[in-house]
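Enquirer: The structure follows.
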There are 2 protein chains.
Amino acid sequence: MTAEIIPDIVVSRLPSYLQTLNQMAKEGFYTVSSKMLADRVGVTAAQIRKDLSLFGGFGKQGTGYPIYHLIEELQKILNMDRVWKVAVVGAGDLGRALAHYQGFGLRGIEIVLIFDIDPKIIGTQVGALTVLPVDQMASEIKKMGVKIAILTVPGDVAQPTAERLVEAGVEAILNYAPVTLILPESIHVQHIDPVLHIQRLMYYLG
Amino acid sequence: MTAEIIPDIVVSRLPSYLQTLNQMAKEGFYTVSSKMLADRVGVTAAQIRKDLSLFGGFGKQGTGYPIYHLIEELQKILNMDRVWKVAVVGAGDLGRALAHYQGFGLRGIEIVLIFDIDPKIIGTQVGALTVLPVDQMASEIKKMGVKIAILTVPGDVAQPTAERLVEAGVEAILNYAPVTLILPESIHVQHIDPVLHIQRLMYYLG
């Protein structure tokens with residue numbers, strides 16, 4: 001089972017499945033049918049069965065999936081058996097909001113570093129972290145073995161900053177800057193831009 | 001050309017196409033081939049041609065697309081011929097960051113209202129806006145004809161808050177709360193959760 005054989009579009013759905021299963025487990029469910037899961041996630045039951053079958057399938061026909069087993073398997077598939085250290089680059093409103101975000105810790109993600117270029121922001125506290133100057137970015141990221149970075153810098157400096165992150169050993173970037181990053185194919189990039197999501201909503205409201 | 005006949009997965013790609021075209025126009029390009037656009041966006045050239053052909057196609061075989069014409073058409077398709085008023089619900093770090101976000105104004109989105117439940121936050125300023133109490137949410141949203149809301153409240157109050165937004169006339173919600181909202185099918189919901197994106201990245205780093 002390698003990254004090559006599972007289409008990225010399938011991978012993109014797994015975290016939503018996991019999140020919905022966790023919510024259903026909290027509500028007291030012990031098993032879940034592909035139909036129930038599908039209705040909550042907003043895909044078809046056939047899609048769920050097809051996606052999960054790529055990983056070997058986790059349920060018997062007609063009896064539904066045992067929720068806790070499915071959660072455990074999805075966590076393994078998503079490499080959630082360890083804590084992932086993440087650096088935030090850009091300590092403006094958004095960077096600070098992300099560094100404070102309570103949703104990370106419970107789901108195996110730890111923000112361990114935060115950087116900025118502004119002398120007024122460097123040295124200030126964000127929760128338990130001190131904002132470090134970007135000059136120390138490469139060395140700190142190497143020292144701590146950070147592989148994932150969240151980029152919340154302005155658009156015009158996003159590309160060079162991302163390149164420096166890659167040189168320092170970062171292999172995956174969650175990009176909040178409003179530009180498309182051009183990086184080696186081996187680097188995994190996810191782009192989050194609220195404007196793109198709102199534009200998609202606008203299409204339907206027209 | 002109605003929402004019914006264009007698959008949502010195609011709609012989801014249009015804002016990225018538009019953003020990339022705007023960036024290329026800024027760089028001085030006048031025409032763009034499907035291959036060039038595809039390489040920047042990270043899809044195949046065949047995908048671009050197929051997606052755009054659903055809207056009638058915008059280029060001649062072999063000559064590429066005229067960038068400014070394509071930008072204009074995509075803006076029309078995405079209903080960007082008007083300014084969309086948006087309410088932010090939840091004025092914590094993230095809500096404030098979004099209300100300040102410079103990327104909205106240039107792309108036809110105006111944050112016109114921001115709400116919170118915390119008496120310490122109500123009445124404070126976020127840029128030019130004053131944080132209003134959630135008690136005034138329904139009346140203000142109706143008064144201003146707001147159809148799009150951004151939800152940045154804690155997970156445990158997200159569902160009832162979303163229901164109140166829908167009652168007040170909101171038709172589309174950008175949901176930053178870490179829960180799956182259950183709303184009438186006519187309501188368009190986009191979910192942004194950095195954890196889901198990072199988990200997708202984690203899959204590849206395992």
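For the structure tokens, the naming scheme is as follows: chains receive sequential letters (A, B, ...) according to their order of presentation, residues are indexed from 1 within each chain, and ligands are indexed from 1 in presentation order.
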Set the cut-off to 8 Å and count only C-alpha atoms: what are the residues of chain A that reach chain B? Output as a PyMOL selection string.
Expert: chain A and resi 3+11-12+14-16+19-20+23+40-41+77-80+93-94+96-98+103-104+107+109+171-172+174+178-180+182+188-190+192+195-206
Enquirer: Given identical sequences, can you show me chain A least-squares superposed on chain B via all its Cα atoms in order, as a PDB file with C-alpha atoms, in the first residue's frame?
Expert:
ATOM      1  CA  MET A   1     -26.209  26.955 -18.059  1.00  0.00           C
ATOM      2  CA  THR A   2     -27.463  26.089 -14.566  1.00  0.00           C
ATOM      3  CA  ALA A   3     -25.912  24.809 -11.344  1.00  0.00           C
ATOM      4  CA  GLU A   4     -27.558  21.439 -11.979  1.00  0.00           C
ATOM      5  CA  ILE A   5     -25.584  20.540 -15.058  1.00  0.00           C
ATOM      6  CA  ILE A   6     -22.077  21.488 -13.927  1.00  0.00           C
ATOM      7  CA  PRO A   7     -20.572  18.956 -11.479  1.00  0.00           C
ATOM      8  CA  ASP A   8     -19.514  20.544  -8.182  1.00  0.00           C
ATOM      9  CA  ILE A   9     -16.017  19.143  -8.588  1.00  0.00           C
ATOM     10  CA  VAL A  10     -15.654  21.262 -11.742  1.00  0.00           C
ATOM     11  CA  VAL A  11     -17.018  24.346  -9.957  1.00  0.00           C
ATOM     12  CA  SER A  12     -14.490  23.750  -7.178  1.00  0.00           C
ATOM     13  CA  ARG A  13     -11.615  24.136  -9.668  1.00  0.00           C
ATOM     14  CA  LEU A  14     -12.772  27.373 -11.338  1.00  0.00           C
ATOM     15  CA  PRO A  15     -11.584  29.741  -8.569  1.00  0.00           C
ATOM     16  CA  SER A  16      -8.067  28.241  -8.777  1.00  0.00           C
ATOM     17  CA  TYR A  17      -8.043  28.685 -12.553  1.00  0.00           C
ATOM     18  CA  LEU A  18      -9.110  32.303 -12.120  1.00  0.00           C
ATOM     19  CA  GLN A  19      -6.505  32.979  -9.448  1.00  0.00           C
ATOM     20  CA  THR A  20      -3.720  31.479 -11.560  1.00  0.00           C
ATOM     21  CA  LEU A  21      -4.843  33.412 -14.653  1.00  0.00           C
ATOM     22  CA  ASN A  22      -4.824  36.663 -12.676  1.00  0.00           C
ATOM     23  CA  GLN A  23      -1.298  35.901 -11.502  1.00  0.00           C
ATOM     24  CA  MET A  24      -0.168  35.157 -15.088  1.00  0.00           C
ATOM     25  CA  ALA A  25      -1.815  38.347 -16.389  1.00  0.00           C
ATOM     26  CA  LYS A  26       0.134  40.281 -13.753  1.00  0.00           C
ATOM     27  CA  GLU A  27       3.321  38.590 -14.985  1.00  0.00           C
ATOM     28  CA  GLY A  28       2.627  39.930 -18.490  1.00  0.00           C
ATOM     29  CA  PHE A  29       1.090  36.945 -20.309  1.00  0.00           C
ATOM     30  CA  TYR A  30      -1.598  37.687 -22.936  1.00  0.00           C
ATOM     31  CA  THR A  31      -2.445  34.115 -23.928  1.00  0.00           C
ATOM     32  CA  VAL A  32      -2.166  30.823 -22.095  1.00  0.00           C
ATOM     33  CA  SER A  33      -2.216  27.232 -23.303  1.00  0.00           C
ATOM     34  CA  SER A  34      -4.190  24.620 -21.399  1.00  0.00           C
ATOM     35  CA  LYS A  35      -0.804  22.939 -20.706  1.00  0.00           C
ATOM     36  CA  MET A  36       0.698  26.057 -19.071  1.00  0.00           C
ATOM     37  CA  LEU A  37      -2.383  26.672 -16.964  1.00  0.00           C
ATOM     38  CA  ALA A  38      -2.531  22.984 -16.033  1.00  0.00           C
ATOM     39  CA  ASP A  39       1.112  22.896 -14.896  1.00  0.00           C
ATOM     40  CA  ARG A  40       0.578  25.875 -12.603  1.00  0.00           C
ATOM     41  CA  VAL A  41      -2.714  24.672 -11.131  1.00  0.00           C
ATOM     42  CA  GLY A  42      -1.581  21.066 -10.771  1.00  0.00           C
ATOM     43  CA  VAL A  43      -4.127  19.284 -12.974  1.00  0.00           C
ATOM     44  CA  THR A  44      -3.848  17.838 -16.499  1.00  0.00           C
ATOM     45  CA  ALA A  45      -4.268  19.922 -19.658  1.00  0.00           C
ATOM     46  CA  ALA A  46      -7.086  17.582 -20.707  1.00  0.00           C
ATOM     47  CA  GLN A  47      -8.873  18.390 -17.434  1.00  0.00           C
ATOM     48  CA  ILE A  48      -8.660  22.142 -18.096  1.00  0.00           C
ATOM     49  CA  ARG A  49      -9.984  21.764 -21.655  1.00  0.00           C
ATOM     50  CA  LYS A  50     -12.813  19.509 -20.489  1.00  0.00           C
ATOM     51  CA  ASP A  51     -13.789  21.803 -17.608  1.00  0.00           C
ATOM     52  CA  LEU A  52     -13.830  24.938 -19.771  1.00  0.00           C
ATOM     53  CA  SER A  53     -15.683  23.188 -22.584  1.00  0.00           C
ATOM     54  CA  LEU A  54     -18.632  22.738 -20.195  1.00  0.00           C
ATOM     55  CA  PHE A  55     -19.049  26.511 -20.335  1.00  0.00           C
ATOM     56  CA  GLY A  56     -18.725  26.705 -24.103  1.00  0.00           C
ATOM     57  CA  GLY A  57     -14.923  26.740 -24.481  1.00  0.00           C
ATOM     58  CA  PHE A  58     -12.925  29.929 -24.754  1.00  0.00           C
ATOM     59  CA  GLY A  59     -10.035  29.261 -27.132  1.00  0.00           C
ATOM     60  CA  LYS A  60      -9.179  28.058 -30.617  1.00  0.00           C
ATOM     61  CA  GLN A  61      -7.301  24.784 -31.054  1.00  0.00           C
ATOM     62  CA  GLY A  62      -3.575  25.431 -31.022  1.00  0.00           C
ATOM     63  CA  THR A  63      -3.615  29.159 -30.240  1.00  0.00           C
ATOM     64  CA  GLY A  64      -4.239  29.043 -26.499  1.00  0.00           C
ATOM     65  CA  TYR A  65      -6.760  31.052 -24.515  1.00  0.00           C
ATOM     66  CA  PRO A  66      -6.695  34.866 -24.516  1.00  0.00           C
ATOM     67  CA  ILE A  67      -6.060  35.497 -20.799  1.00  0.00           C
ATOM     68  CA  TYR A  68      -8.174  38.619 -20.276  1.00  0.00           C
ATOM     69  CA  HIS A  69     -11.176  37.136 -22.065  1.00  0.00           C
ATOM     70  CA  LEU A  70     -10.909  33.951 -20.022  1.00  0.00           C
ATOM     71  CA  ILE A  71     -10.623  35.922 -16.766  1.00  0.00           C
ATOM     72  CA  GLU A  72     -13.715  37.936 -17.674  1.00  0.00           C
ATOM     73  CA  GLU A  73     -15.730  34.834 -18.514  1.00  0.00           C
ATOM     74  CA  LEU A  74     -14.722  33.030 -15.325  1.00  0.00           C
ATOM     75  CA  GLN A  75     -15.644  36.119 -13.297  1.00  0.00           C
ATOM     76  CA  LYS A  76     -19.093  36.100 -14.915  1.00  0.00           C
ATOM     77  CA  ILE A  77     -19.535  32.370 -14.267  1.00  0.00           C
ATOM     78  CA  LEU A  78     -18.597  32.890 -10.595  1.00  0.00           C
ATOM     79  CA  ASN A  79     -21.027  35.836 -10.267  1.00  0.00           C
ATOM     80  CA  MET A  80     -18.216  38.276  -9.552  1.00  0.00           C
ATOM     81  CA  ASP A  81     -20.066  41.073 -11.370  1.00  0.00           C
ATOM     82  CA  ARG A  82     -21.320  42.291  -7.992  1.00  0.00           C
ATOM     83  CA  VAL A  83     -19.926  42.734  -4.473  1.00  0.00           C
ATOM     84  CA  TRP A  84     -20.987  39.954  -2.088  1.00  0.00           C
ATOM     85  CA  LYS A  85     -21.693  40.990   1.498  1.00  0.00           C
ATOM     86  CA  VAL A  86     -20.490  38.497   4.086  1.00  0.00           C
ATOM     87  CA  ALA A  87     -21.059  38.182   7.861  1.00  0.00           C
ATOM     88  CA  VAL A  88     -18.432  36.711  10.191  1.00  0.00           C
ATOM     89  CA  VAL A  89     -19.869  34.871  13.208  1.00  0.00           C
ATOM     90  CA  GLY A  90     -17.314  34.436  15.993  1.00  0.00           C
ATOM     91  CA  ALA A  91     -14.862  37.277  16.658  1.00  0.00           C
ATOM     92  CA  GLY A  92     -12.003  35.279  18.173  1.00  0.00           C
ATOM     93  CA  ASP A  93      -8.494  35.249  16.665  1.00  0.00           C
ATOM     94  CA  LEU A  94      -9.653  33.538  13.483  1.00  0.00           C
ATOM     95  CA  GLY A  95     -12.794  35.619  12.991  1.00  0.00           C
ATOM     96  CA  ARG A  96     -10.773  38.800  13.469  1.00  0.00           C
ATOM     97  CA  ALA A  97      -8.071  37.577  11.089  1.00  0.00           C
ATOM     98  CA  LEU A  98     -10.707  36.903   8.441  1.00  0.00           C
ATOM     99  CA  ALA A  99     -12.398  40.268   8.974  1.00  0.00           C
ATOM    100  CA  HIS A 100      -9.001  41.933   8.439  1.00  0.00           C
ATOM    101  CA  TYR A 101      -8.037  39.761   5.481  1.00  0.00           C
ATOM    102  CA  GLN A 102      -6.906  41.995   2.622  1.00  0.00           C
ATOM    103  CA  GLY A 103      -7.553  39.355  -0.025  1.00  0.00           C
ATOM    104  CA  PHE A 104     -11.342  39.767   0.071  1.00  0.00           C
ATOM    105  CA  GLY A 105     -11.887  43.326  -1.119  1.00  0.00           C
ATOM    106  CA  LEU A 106     -10.013  42.955  -4.380  1.00  0.00           C
ATOM    107  CA  ARG A 107     -12.022  39.883  -5.243  1.00  0.00           C
ATOM    108  CA  GLY A 108     -15.565  41.148  -4.770  1.00  0.00           C
ATOM    109  CA  ILE A 109     -16.150  40.099  -1.163  1.00  0.00           C
ATOM    110  CA  GLU A 110     -16.990  42.587   1.598  1.00  0.00           C
ATOM    111  CA  ILE A 111     -17.173  41.680   5.275  1.00  0.00           C
ATOM    112  CA  VAL A 112     -20.058  43.847   6.518  1.00  0.00           C
ATOM    113  CA  LEU A 113     -20.948  42.304   9.901  1.00  0.00           C
ATOM    114  CA  ILE A 114     -19.139  40.517  12.725  1.00  0.00           C
ATOM    115  CA  PHE A 115     -20.779  38.904  15.751  1.00  0.00           C
ATOM    116  CA  ASP A 116     -19.757  37.333  19.043  1.00  0.00           C
ATOM    117  CA  ILE A 117     -21.404  36.113  22.241  1.00  0.00           C
ATOM    118  CA  ASP A 118     -18.663  37.215  24.665  1.00  0.00           C
ATOM    119  CA  PRO A 119     -19.530  40.519  26.465  1.00  0.00           C
ATOM    120  CA  LYS A 120     -15.785  41.320  26.602  1.00  0.00           C
ATOM    121  CA  ILE A 121     -15.566  41.158  22.778  1.00  0.00           C
ATOM    122  CA  ILE A 122     -18.940  42.729  21.891  1.00  0.00           C
ATOM    123  CA  GLY A 123     -18.487  46.425  21.137  1.00  0.00           C
ATOM    124  CA  THR A 124     -14.776  46.158  20.276  1.00  0.00           C
ATOM    125  CA  GLN A 125     -13.548  47.257  16.846  1.00  0.00           C
ATOM    126  CA  VAL A 126     -12.247  44.982  14.097  1.00  0.00           C
ATOM    127  CA  GLY A 127     -11.007  47.375  11.431  1.00  0.00           C
ATOM    128  CA  ALA A 128     -14.011  49.537  10.547  1.00  0.00           C
ATOM    129  CA  LEU A 129     -16.523  47.107  12.064  1.00  0.00           C
ATOM    130  CA  THR A 130     -17.919  46.938  15.595  1.00  0.00           C
ATOM    131  CA  VAL A 131     -18.489  43.455  17.015  1.00  0.00           C
ATOM    132  CA  LEU A 132     -22.253  43.009  17.541  1.00  0.00           C
ATOM    133  CA  PRO A 133     -23.983  40.599  19.950  1.00  0.00           C
ATOM    134  CA  VAL A 134     -25.322  37.365  18.402  1.00  0.00           C
ATOM    135  CA  ASP A 135     -28.783  38.420  19.613  1.00  0.00           C
ATOM    136  CA  GLN A 136     -28.795  40.952  16.788  1.00  0.00           C
ATOM    137  CA  MET A 137     -27.535  38.438  14.227  1.00  0.00           C
ATOM    138  CA  ALA A 138     -30.853  37.501  12.605  1.00  0.00           C
ATOM    139  CA  SER A 139     -32.162  41.060  12.364  1.00  0.00           C
ATOM    140  CA  GLU A 140     -28.922  42.565  11.024  1.00  0.00           C
ATOM    141  CA  ILE A 141     -28.438  39.819   8.465  1.00  0.00           C
ATOM    142  CA  LYS A 142     -32.002  40.236   7.222  1.00  0.00           C
ATOM    143  CA  LYS A 143     -31.699  44.029   7.123  1.00  0.00           C
ATOM    144  CA  MET A 144     -28.502  43.925   5.059  1.00  0.00           C
ATOM    145  CA  GLY A 145     -29.586  41.044   2.837  1.00  0.00           C
ATOM    146  CA  VAL A 146     -26.491  39.003   3.639  1.00  0.00           C
ATOM    147  CA  LYS A 147     -26.528  35.576   1.945  1.00  0.00           C
ATOM    148  CA  ILE A 148     -23.045  34.319   2.893  1.00  0.00           C
ATOM    149  CA  ALA A 149     -21.698  33.770   6.427  1.00  0.00           C
ATOM    150  CA  ILE A 150     -18.330  32.637   7.739  1.00  0.00           C
ATOM    151  CA  LEU A 151     -18.665  30.536  10.874  1.00  0.00           C
ATOM    152  CA  THR A 152     -15.723  30.610  13.322  1.00  0.00           C
ATOM    153  CA  VAL A 153     -17.513  29.666  16.545  1.00  0.00           C
ATOM    154  CA  PRO A 154     -16.486  26.705  18.768  1.00  0.00           C
ATOM    155  CA  GLY A 155     -17.584  23.272  17.588  1.00  0.00           C
ATOM    156  CA  ASP A 156     -20.228  22.737  20.248  1.00  0.00           C
ATOM    157  CA  VAL A 157     -22.299  25.774  19.209  1.00  0.00           C
ATOM    158  CA  ALA A 158     -21.690  25.575  15.455  1.00  0.00           C
ATOM    159  CA  GLN A 159     -24.828  23.574  14.565  1.00  0.00           C
ATOM    160  CA  PRO A 160     -27.404  25.768  16.385  1.00  0.00           C
ATOM    161  CA  THR A 161     -25.638  28.930  15.193  1.00  0.00           C
ATOM    162  CA  ALA A 162     -25.744  27.690  11.592  1.00  0.00           C
ATOM    163  CA  GLU A 163     -29.448  26.939  11.944  1.00  0.00           C
ATOM    164  CA  ARG A 164     -30.107  30.484  13.142  1.00  0.00           C
ATOM    165  CA  LEU A 165     -28.145  31.849  10.186  1.00  0.00           C
ATOM    166  CA  VAL A 166     -30.261  29.826   7.772  1.00  0.00           C
ATOM    167  CA  GLU A 167     -33.467  31.070   9.422  1.00  0.00           C
ATOM    168  CA  ALA A 168     -32.187  34.621   8.955  1.00  0.00           C
ATOM    169  CA  GLY A 169     -31.816  34.064   5.193  1.00  0.00           C
ATOM    170  CA  VAL A 170     -28.201  32.910   4.830  1.00  0.00           C
ATOM    171  CA  GLU A 171     -27.858  30.519   1.876  1.00  0.00           C
ATOM    172  CA  ALA A 172     -24.149  29.698   1.992  1.00  0.00           C
ATOM    173  CA  ILE A 173     -21.812  29.034   4.911  1.00  0.00           C
ATOM    174  CA  LEU A 174     -18.041  28.815   5.031  1.00  0.00           C
ATOM    175  CA  ASN A 175     -17.574  26.630   8.112  1.00  0.00           C
ATOM    176  CA  TYR A 176     -14.327  26.846  10.119  1.00  0.00           C
ATOM    177  CA  ALA A 177     -15.790  24.987  13.114  1.00  0.00           C
ATOM    178  CA  PRO A 178     -14.463  21.430  13.466  1.00  0.00           C
ATOM    179  CA  VAL A 179     -17.856  19.742  12.955  1.00  0.00           C
ATOM    180  CA  THR A 180     -19.917  18.604   9.991  1.00  0.00           C
ATOM    181  CA  LEU A 181     -23.029  20.792   9.800  1.00  0.00           C
ATOM    182  CA  ILE A 182     -26.384  19.158   9.063  1.00  0.00           C
ATOM    183  CA  LEU A 183     -28.510  21.655   7.127  1.00  0.00           C
ATOM    184  CA  PRO A 184     -31.218  21.628   4.428  1.00  0.00           C
ATOM    185  CA  GLU A 185     -29.926  20.532   1.018  1.00  0.00           C
ATOM    186  CA  SER A 186     -30.606  23.977  -0.441  1.00  0.00           C
ATOM    187  CA  ILE A 187     -27.913  25.487   1.818  1.00  0.00           C
ATOM    188  CA  HIS A 188     -24.391  25.443   0.374  1.00  0.00           C
ATOM    189  CA  VAL A 189     -21.682  24.643   2.894  1.00  0.00           C
ATOM    190  CA  GLN A 190     -17.921  24.668   2.467  1.00  0.00           C
ATOM    191  CA  HIS A 191     -15.822  23.299   5.306  1.00  0.00           C
ATOM    192  CA  ILE A 192     -12.331  24.603   6.029  1.00  0.00           C
ATOM    193  CA  ASP A 193     -10.408  22.718   8.690  1.00  0.00           C
ATOM    194  CA  PRO A 194      -6.614  23.005   8.745  1.00  0.00           C
ATOM    195  CA  VAL A 195      -6.443  19.646  10.526  1.00  0.00           C
ATOM    196  CA  LEU A 196      -8.062  17.861   7.593  1.00  0.00           C
ATOM    197  CA  HIS A 197      -5.524  19.417   5.231  1.00  0.00           C
ATOM    198  CA  ILE A 198      -2.591  18.548   7.474  1.00  0.00           C
ATOM    199  CA  GLN A 199      -3.857  14.970   7.849  1.00  0.00           C
ATOM    200  CA  ARG A 200      -3.915  14.698   4.069  1.00  0.00           C
ATOM    201  CA  LEU A 201      -0.285  15.879   4.025  1.00  0.00           C
ATOM    202  CA  MET A 202       0.595  13.403   6.798  1.00  0.00           C
ATOM    203  CA  TYR A 203      -0.580  10.551   4.588  1.00  0.00           C
ATOM    204  CA  TYR A 204       2.246  11.286   2.162  1.00  0.00           C
ATOM    205  CA  LEU A 205       4.955  11.812   4.784  1.00  0.00           C
ATOM    206  CA  GLY A 206       4.396   8.505   6.574  1.00  0.00           C
TER     207      GLY A 206
END
Enquirer: If you run DSSP on the backbone here, which positions in stretch 2-201 of chain A get strand (DSSP E)? Please write them as a ChimeraX atom specification.
Expert: /A:31-32,65-66,84-89,109-116,125-126,129-130,132-133,148-151,172-175,188-191
Enquirer: Taking the DSSP secondary structure from the backbone, can you list the residues of stretch 17-204 of chain A that are helix (DSSP H, G or I), as JSON, numbers by chain?
Expert: {"A": [17, 18, 19, 20, 21, 22, 23, 24, 25, 26, 34, 35, 36, 37, 38, 39, 40, 41, 45, 46, 47, 48, 49, 50, 51, 52, 53, 67, 68, 69, 70, 71, 72, 73, 74, 75, 76, 77, 93, 94, 95, 96, 97, 98, 99, 100, 105, 106, 107, 134, 135, 136, 137, 138, 139, 140, 141, 142, 143, 144, 155, 156, 157, 158, 159, 160, 161, 162, 163, 164, 165, 166, 167, 194, 195, 196, 197, 198, 199, 200, 201, 202, 203, 204]}
Enquirer: Write a file of the selected residues as a PDB file, in the first residue's frame, keeping C-alpha atoms.
Expert:
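Wrote it out as result-v8.pdb, contents follow:
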ATOM      1  CA  TYR A  17     -14.469  10.238   7.010  1.00  0.00           C
ATOM      2  CA  LEU A  18     -12.342  10.045  10.150  1.00  0.00           C
ATOM      3  CA  GLN A  19     -13.742  13.276  11.559  1.00  0.00           C
ATOM      4  CA  THR A  20     -17.331  12.169  10.955  1.00  0.00           C
ATOM      5  CA  LEU A  21     -16.668   8.734  12.478  1.00  0.00           C
ATOM      6  CA  ASN A  22     -15.181  10.353  15.584  1.00  0.00           C
ATOM      7  CA  GLN A  23     -18.270  12.534  15.895  1.00  0.00           C
ATOM      8  CA  MET A  24     -20.568   9.489  15.529  1.00  0.00           C
ATOM      9  CA  ALA A  25     -18.544   7.510  18.092  1.00  0.00           C
ATOM     10  CA  LYS A  26     -18.999  10.416  20.509  1.00  0.00           C
ATOM     11  CA  SER A  34     -21.742   3.214   4.291  1.00  0.00           C
ATOM     12  CA  LYS A  35     -25.105   4.973   3.685  1.00  0.00           C
ATOM     13  CA  MET A  36     -25.111   6.695   7.103  1.00  0.00           C
ATOM     14  CA  LEU A  37     -21.504   7.789   6.774  1.00  0.00           C
ATOM     15  CA  ALA A  38     -22.140   8.949   3.204  1.00  0.00           C
ATOM     16  CA  ASP A  39     -25.156  11.070   4.194  1.00  0.00           C
ATOM     17  CA  ARG A  40     -23.149  12.859   6.876  1.00  0.00           C
ATOM     18  CA  VAL A  41     -20.052  13.439   4.749  1.00  0.00           C
ATOM     19  CA  ALA A  45     -22.490   5.253  -0.224  1.00  0.00           C
ATOM     20  CA  ALA A  46     -20.890   3.654  -3.290  1.00  0.00           C
ATOM     21  CA  GLN A  47     -18.066   6.210  -3.056  1.00  0.00           C
ATOM     22  CA  ILE A  48     -17.392   5.320   0.592  1.00  0.00           C
ATOM     23  CA  ARG A  49     -17.339   1.577  -0.151  1.00  0.00           C
ATOM     24  CA  LYS A  50     -15.052   2.085  -3.144  1.00  0.00           C
ATOM     25  CA  ASP A  51     -12.664   4.369  -1.249  1.00  0.00           C
ATOM     26  CA  LEU A  52     -12.374   2.024   1.739  1.00  0.00           C
ATOM     27  CA  SER A  53     -12.007  -1.038  -0.473  1.00  0.00           C
ATOM     28  CA  ILE A  67     -16.775   2.340  14.126  1.00  0.00           C
ATOM     29  CA  TYR A  68     -13.807   1.980  16.482  1.00  0.00           C
ATOM     30  CA  HIS A  69     -12.014  -0.451  14.182  1.00  0.00           C
ATOM     31  CA  LEU A  70     -12.560   1.846  11.214  1.00  0.00           C
ATOM     32  CA  ILE A  71     -11.303   4.872  13.172  1.00  0.00           C
ATOM     33  CA  GLU A  72      -8.178   2.962  14.183  1.00  0.00           C
ATOM     34  CA  GLU A  73      -7.465   1.854  10.627  1.00  0.00           C
ATOM     35  CA  LEU A  74      -7.958   5.338   9.193  1.00  0.00           C
ATOM     36  CA  GLN A  75      -5.643   6.754  11.865  1.00  0.00           C
ATOM     37  CA  LYS A  76      -2.977   4.237  10.831  1.00  0.00           C
ATOM     38  CA  ILE A  77      -3.441   5.048   7.136  1.00  0.00           C
ATOM     39  CA  ASP A  93      -3.596  37.479  13.067  1.00  0.00           C
ATOM     40  CA  LEU A  94      -3.960  34.256  11.098  1.00  0.00           C
ATOM     41  CA  GLY A  95      -0.648  32.724  12.158  1.00  0.00           C
ATOM     42  CA  ARG A  96      -1.451  33.481  15.794  1.00  0.00           C
ATOM     43  CA  ALA A  97      -4.964  32.072  15.431  1.00  0.00           C
ATOM     44  CA  LEU A  98      -3.529  28.855  14.015  1.00  0.00           C
ATOM     45  CA  ALA A  99      -0.875  28.603  16.728  1.00  0.00           C
ATOM     46  CA  HIS A 100      -3.661  28.909  19.325  1.00  0.00           C
ATOM     47  CA  GLY A 105      -3.445  18.843  19.828  1.00  0.00           C
ATOM     48  CA  LEU A 106      -6.221  16.286  20.037  1.00  0.00           C
ATOM     49  CA  ARG A 107      -5.512  15.155  16.510  1.00  0.00           C
ATOM     50  CA  VAL A 134      12.874  34.215  10.107  1.00  0.00           C
ATOM     51  CA  ASP A 135      16.687  34.307  10.087  1.00  0.00           C
ATOM     52  CA  GLN A 136      16.585  31.390  12.510  1.00  0.00           C
ATOM     53  CA  MET A 137      13.969  29.511  10.488  1.00  0.00           C
ATOM     54  CA  ALA A 138      16.254  27.103   8.616  1.00  0.00           C
ATOM     55  CA  SER A 139      18.386  26.203  11.630  1.00  0.00           C
ATOM     56  CA  GLU A 140      15.462  25.709  14.029  1.00  0.00           C
ATOM     57  CA  ILE A 141      13.488  23.633  11.556  1.00  0.00           C
ATOM     58  CA  LYS A 142      16.493  21.405  10.904  1.00  0.00           C
ATOM     59  CA  LYS A 143      17.262  21.074  14.617  1.00  0.00           C
ATOM     60  CA  MET A 144      13.708  20.012  15.469  1.00  0.00           C
ATOM     61  CA  GLY A 155       1.577  36.810  -1.065  1.00  0.00           C
ATOM     62  CA  ASP A 156       4.622  38.653  -2.365  1.00  0.00           C
ATOM     63  CA  VAL A 157       7.067  36.819  -0.074  1.00  0.00           C
ATOM     64  CA  ALA A 158       5.349  33.420  -0.073  1.00  0.00           C
ATOM     65  CA  GLN A 159       7.385  31.853  -2.910  1.00  0.00           C
ATOM     66  CA  PRO A 160      10.894  32.681  -1.582  1.00  0.00           C
ATOM     67  CA  THR A 161       9.827  31.772   1.964  1.00  0.00           C
ATOM     68  CA  ALA A 162       8.512  28.406   0.758  1.00  0.00           C
ATOM     69  CA  GLU A 163      11.784  27.761  -1.055  1.00  0.00           C
ATOM     70  CA  ARG A 164      13.742  28.421   2.132  1.00  0.00           C
ATOM     71  CA  LEU A 165      11.469  26.034   4.025  1.00  0.00           C
ATOM     72  CA  VAL A 166      12.116  23.301   1.473  1.00  0.00           C
ATOM     73  CA  GLU A 167      15.880  23.868   1.709  1.00  0.00           C
ATOM     74  CA  PRO A 194     -11.114  31.475   1.949  1.00  0.00           C
ATOM     75  CA  VAL A 195     -11.698  33.510  -1.214  1.00  0.00           C
ATOM     76  CA  LEU A 196     -11.589  30.401  -3.390  1.00  0.00           C
ATOM     77  CA  HIS A 197     -14.160  28.728  -1.146  1.00  0.00           C
ATOM     78  CA  ILE A 198     -16.423  31.772  -1.116  1.00  0.00           C
ATOM     79  CA  GLN A 199     -16.171  32.076  -4.909  1.00  0.00           C
ATOM     80  CA  ARG A 200     -17.309  28.470  -5.176  1.00  0.00           C
ATOM     81  CA  LEU A 201     -20.299  29.352  -2.974  1.00  0.00           C
ATOM     82  CA  MET A 202     -20.988  32.459  -5.086  1.00  0.00           C
ATOM     83  CA  TYR A 203     -21.375  30.257  -8.152  1.00  0.00           C
ATOM     84  CA  TYR A 204     -24.460  28.673  -6.607  1.00  0.00           C
TER      85      TYR A 204
END
